[in-house]
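Take a look at the structure below.
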Amino acid sequence: MNKEMKDPRKIYRMGNENEIKQDSPVLQKNMKINPDCGEETYKGNNRLTNRNALITGGDSGIGRAVAIAFAREGSNVAIQYLPNEEADAKEVEKYIKDTGQKSLLLPYDFREDNAATEIVEKTIDEFNELDILVLNAGQQFPVKSLDKLNIKQVTDTFKVNIISMFETVKAAERYLEPGSSIITTTSVQSFNPSPSMIDYAATKAAINNFTINLSNYFANDGVRVNAVAPGPIWTPIQLFGEQLDEGISNFGEGTLLQRAGQPVELSSVYVLLASEEGSYITGQIYGITGGEPINL
């Protein structure tokens, strides 16, 4: 018998010691060690045929992997991203169009008023329908001590990470029909927070509560709401602020699987939660953490 099985500890092993910090914008295309977002490996199985999806933070990292997977599963895909991250977004657009699906680029900053409402309206204008909402946009700026934590940063982190979710769902509610799916991206940080990420972790804890509450709210409408809680995943967000000062070469090695995860390792879970294969799943938080526990 020919078994092509792989040791999960040794998949994607990499040395990050030569990775360097980036100033904003943090672009995936400028990373020395590029994350695997499924560009060459993800193969679709028609699980999202004729669907229309809006993904926030869809230009790089996890959002990019989800956008590529959704398109290869048969969905049209709109992606929101920061305007100065256009270079990454254009790459994602090409991958979507290569599948024959429609793509829509939405350069919006969630720190600005009405941005989260406008992305919904523009998605409807382009696709006429909205079936899948992936609320994935986030900012993370680690600091070593509270005296370095600017309150403007705290305010912006809450605007981007959780307040935008409220606004996006509020704008999308009237378009979501039975069978639609909302998926939020939370984090292992919401369960086991790091002091250097105190503002980021607090928003992720709020997202957990938001997700469970929203699943109750939408249950009678036949709309499912779930969350994915990543652990240490290799994305551009790791290359800003003081994260590298703590030793990016060891990033993710404290997990049970002794390595960081890659965005493509999450995309199939988003597909499950968006598709009819997940028809009996709502109000759940899926941990993809390399073994780090999550507990509500």
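Residue numbering restarts at 1 for every chain of the structure tokens, chains are lettered A, B, ... in their displayed order, and ligands are numbered from 1 as they appear.
For stretch 166-172 of chain A, the set of protein, DNA and RNA residues having any atom at most 7 Å away, when counting only C-alpha atoms and skipping those fewer than 6 positions along the same chain, is A:Ala116, A:Thr117, A:Val120.
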Report as a tab-separated table the residues of stretch 26-60 of chain A within 12 Å of stretch 268-290 of chain A, each with its shortest atom pair and distance in Å (one decimal), using only C-alpha atoms, ordered by chain and increasing residue number.
```
residue	atom	partner	partner_atom	distance
A:Cys37	CA	A:Ser268	CA	11.3
A:Gly38	CA	A:Ser268	CA	10.3
A:Thr41	CA	A:Ser268	CA	11.9
A:Tyr42	CA	A:Ser268	CA	8.9
A:Lys43	CA	A:Ser268	CA	10.1
A:Gly44	CA	A:Ser268	CA	9.7
A:Asn45	CA	A:Val271	CA	10.3
A:Asn46	CA	A:Ser275	CA	9.8
A:Arg47	CA	A:Ser275	CA	6.1
A:Leu48	CA	A:Ser275	CA	6.0
A:Thr49	CA	A:Ser275	CA	9.4
A:Asn50	CA	A:Ser275	CA	11.3
A:Arg51	CA	A:Ser275	CA	9.3
A:Asn52	CA	A:Ala274	CA	10.6
A:Ala53	CA	A:Ala274	CA	9.2
A:Leu54	CA	A:Ala274	CA	11.5
A:Ile55	CA	A:Tyr270	CA	11.0
```
- Counting only C-alpha atoms, figure out which residue out of A:Glu173, A:Ile124, A:Asn30, A:Glu40 gets nearest to A:Tyr217.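 Residue with the minimum atom-to-atom distance to A:Tyr217: A:Glu173.
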- Task: May I ask for the distance between atom CA of A:Lys29 and atom CA of A:Phe127, given in Å to one decimal place?
- Result: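 One can read the atom CA of A:Lys29 to atom CA of A:Phe127 distance as 28.3 Å.
Minimum atom-to-atom distance to A:Leu214, evaluated using only C-alpha atoms, belongs to A:Met165 out of A:Leu105, A:Ala229, A:Met165, A:Met197.
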Run DSSP on the backbone of this structure and report the residues of stretch 13-201 of chain A it assigns to strand (DSSP E), as a PDB file with N, CA and C atoms, in the first residue's frame.
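Result file is part22.pdb:
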```
ATOM      1  N   ASN A  52     -21.943  34.256  -3.620  1.00  0.00           N
ATOM      2  CA  ASN A  52     -21.338  35.581  -3.685  1.00  0.00           C
ATOM      3  C   ASN A  52     -20.809  35.933  -2.303  1.00  0.00           C
ATOM      4  N   ALA A  53     -19.502  36.150  -2.209  1.00  0.00           N
ATOM      5  CA  ALA A  53     -18.858  36.333  -0.916  1.00  0.00           C
ATOM      6  C   ALA A  53     -18.197  37.701  -0.814  1.00  0.00           C
ATOM      7  N   LEU A  54     -18.220  38.236   0.397  1.00  0.00           N
ATOM      8  CA  LEU A  54     -17.475  39.448   0.740  1.00  0.00           C
ATOM      9  C   LEU A  54     -16.507  39.088   1.860  1.00  0.00           C
ATOM     10  N   ILE A  55     -15.223  39.327   1.641  1.00  0.00           N
ATOM     11  CA  ILE A  55     -14.184  38.999   2.609  1.00  0.00           C
ATOM     12  C   ILE A  55     -13.455  40.277   2.985  1.00  0.00           C
ATOM     13  N   THR A  56     -13.450  40.615   4.270  1.00  0.00           N
ATOM     14  CA  THR A  56     -12.671  41.781   4.696  1.00  0.00           C
ATOM     15  C   THR A  56     -11.249  41.336   5.017  1.00  0.00           C
ATOM     16  N   ASN A  76     -18.230  33.964  -6.524  1.00  0.00           N
ATOM     17  CA  ASN A  76     -17.716  35.295  -6.815  1.00  0.00           C
ATOM     18  C   ASN A  76     -17.183  35.874  -5.505  1.00  0.00           C
ATOM     19  N   VAL A  77     -16.141  36.692  -5.587  1.00  0.00           N
ATOM     20  CA  VAL A  77     -15.492  37.153  -4.359  1.00  0.00           C
ATOM     21  C   VAL A  77     -15.174  38.644  -4.426  1.00  0.00           C
ATOM     22  N   ALA A  78     -15.668  39.380  -3.425  1.00  0.00           N
ATOM     23  CA  ALA A  78     -15.273  40.769  -3.210  1.00  0.00           C
ATOM     24  C   ALA A  78     -14.324  40.807  -2.020  1.00  0.00           C
ATOM     25  N   ILE A  79     -13.247  41.575  -2.133  1.00  0.00           N
ATOM     26  CA  ILE A  79     -12.312  41.678  -1.014  1.00  0.00           C
ATOM     27  C   ILE A  79     -12.108  43.143  -0.626  1.00  0.00           C
ATOM     28  N   GLN A  80     -12.199  43.391   0.686  1.00  0.00           N
ATOM     29  CA  GLN A  80     -11.856  44.703   1.238  1.00  0.00           C
ATOM     30  C   GLN A  80     -10.406  44.662   1.681  1.00  0.00           C
ATOM     31  N   TYR A  81      -9.720  45.791   1.546  1.00  0.00           N
ATOM     32  CA  TYR A  81      -8.321  45.879   1.951  1.00  0.00           C
ATOM     33  C   TYR A  81      -7.983  47.350   2.141  1.00  0.00           C
ATOM     34  N   SER A 103     -14.608  39.137  -9.617  1.00  0.00           N
ATOM     35  CA  SER A 103     -13.831  39.689  -8.517  1.00  0.00           C
ATOM     36  C   SER A 103     -14.181  41.159  -8.346  1.00  0.00           C
ATOM     37  N   LEU A 104     -14.161  41.627  -7.105  1.00  0.00           N
ATOM     38  CA  LEU A 104     -14.401  43.035  -6.823  1.00  0.00           C
ATOM     39  C   LEU A 104     -13.411  43.498  -5.774  1.00  0.00           C
ATOM     40  N   LEU A 105     -12.645  44.543  -6.091  1.00  0.00           N
ATOM     41  CA  LEU A 105     -11.679  45.103  -5.157  1.00  0.00           C
ATOM     42  C   LEU A 105     -12.295  46.310  -4.450  1.00  0.00           C
ATOM     43  N   LEU A 106     -12.170  46.316  -3.118  1.00  0.00           N
ATOM     44  CA  LEU A 106     -12.784  47.360  -2.300  1.00  0.00           C
ATOM     45  C   LEU A 106     -11.727  47.982  -1.382  1.00  0.00           C
ATOM     46  N   PRO A 107     -11.052  49.044  -1.843  1.00  0.00           N
ATOM     47  CA  PRO A 107     -10.036  49.693  -1.013  1.00  0.00           C
ATOM     48  C   PRO A 107     -10.675  50.633   0.013  1.00  0.00           C
ATOM     49  N   ILE A 132     -22.276  35.046   1.554  1.00  0.00           N
ATOM     50  CA  ILE A 132     -21.233  34.688   2.516  1.00  0.00           C
ATOM     51  C   ILE A 132     -20.511  35.957   2.949  1.00  0.00           C
ATOM     52  N   LEU A 133     -20.420  36.147   4.243  1.00  0.00           N
ATOM     53  CA  LEU A 133     -19.730  37.298   4.798  1.00  0.00           C
ATOM     54  C   LEU A 133     -18.605  36.793   5.694  1.00  0.00           C
ATOM     55  N   VAL A 134     -17.360  37.065   5.311  1.00  0.00           N
ATOM     56  CA  VAL A 134     -16.203  36.672   6.111  1.00  0.00           C
ATOM     57  C   VAL A 134     -15.595  37.939   6.711  1.00  0.00           C
ATOM     58  N   LEU A 135     -15.733  38.072   8.021  1.00  0.00           N
ATOM     59  CA  LEU A 135     -15.268  39.264   8.727  1.00  0.00           C
ATOM     60  C   LEU A 135     -13.889  38.963   9.307  1.00  0.00           C
ATOM     61  N   SER A 181     -24.206  32.534   5.255  1.00  0.00           N
ATOM     62  CA  SER A 181     -23.256  32.232   6.331  1.00  0.00           C
ATOM     63  C   SER A 181     -22.412  33.453   6.659  1.00  0.00           C
ATOM     64  N   ILE A 182     -22.249  33.697   7.952  1.00  0.00           N
ATOM     65  CA  ILE A 182     -21.328  34.720   8.441  1.00  0.00           C
ATOM     66  C   ILE A 182     -20.207  34.006   9.190  1.00  0.00           C
ATOM     67  N   ILE A 183     -18.958  34.360   8.865  1.00  0.00           N
ATOM     68  CA  ILE A 183     -17.802  33.749   9.522  1.00  0.00           C
ATOM     69  C   ILE A 183     -16.894  34.861  10.016  1.00  0.00           C
ATOM     70  N   THR A 184     -16.609  34.861  11.301  1.00  0.00           N
ATOM     71  CA  THR A 184     -15.680  35.837  11.860  1.00  0.00           C
ATOM     72  C   THR A 184     -14.326  35.182  12.103  1.00  0.00           C
ATOM     73  N   THR A 185     -13.296  36.014  12.110  1.00  0.00           N
ATOM     74  CA  THR A 185     -11.957  35.538  12.477  1.00  0.00           C
ATOM     75  C   THR A 185     -11.615  36.094  13.850  1.00  0.00           C
TER      76      THR A 185
END
```
- Item | Test item: residues at most 7 Å from A:Pro35, only C-alpha atoms, excluding those fewer than 2 positions along its chain, as a list in words |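 My list of contacting residues is Ile33, Cys37, Gly61, Trp234, Thr235, Gln262 and Pro263 of chain A.
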Could those residues be written to a file, using N, CA and C atoms, as a PDB file, in the first residue's frame?
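result23.pdb, written as the output of this step:
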```
ATOM      1  N   ILE A  33       9.967  35.260   3.184  1.00  0.00           N
ATOM      2  CA  ILE A  33       9.394  33.907   3.239  1.00  0.00           C
ATOM      3  C   ILE A  33       7.895  34.053   3.049  1.00  0.00           C
ATOM      4  N   CYS A  37      -0.758  30.567   0.728  1.00  0.00           N
ATOM      5  CA  CYS A  37      -2.196  30.869   0.764  1.00  0.00           C
ATOM      6  C   CYS A  37      -2.967  29.989  -0.212  1.00  0.00           C
ATOM      7  N   GLY A  61      -2.483  36.996   3.699  1.00  0.00           N
ATOM      8  CA  GLY A  61      -2.666  36.114   4.844  1.00  0.00           C
ATOM      9  C   GLY A  61      -3.900  35.236   4.757  1.00  0.00           C
ATOM     10  N   TRP A 234       1.585  32.240   9.936  1.00  0.00           N
ATOM     11  CA  TRP A 234       2.589  33.060   9.267  1.00  0.00           C
ATOM     12  C   TRP A 234       1.926  33.973   8.241  1.00  0.00           C
ATOM     13  N   THR A 235       1.775  35.258   8.579  1.00  0.00           N
ATOM     14  CA  THR A 235       1.140  36.249   7.711  1.00  0.00           C
ATOM     15  C   THR A 235       1.900  37.573   7.841  1.00  0.00           C
ATOM     16  N   GLN A 262       0.210  27.851   8.324  1.00  0.00           N
ATOM     17  CA  GLN A 262       0.137  28.611   7.085  1.00  0.00           C
ATOM     18  C   GLN A 262      -1.327  28.928   6.772  1.00  0.00           C
ATOM     19  N   PRO A 263      -1.607  30.070   6.109  1.00  0.00           N
ATOM     20  CA  PRO A 263      -2.995  30.438   5.818  1.00  0.00           C
ATOM     21  C   PRO A 263      -3.799  29.360   5.103  1.00  0.00           C
TER      22      PRO A 263
END
```
- Task: Compile the contact shell of A:Asn220 as a PyMOL selection string: residues with an atom at most 12 Å away, counting only C-alpha atoms, same-chain residues fewer than 4 positions apart removed.
- Result: chain A and resi 177-179+214-216+224-225+282
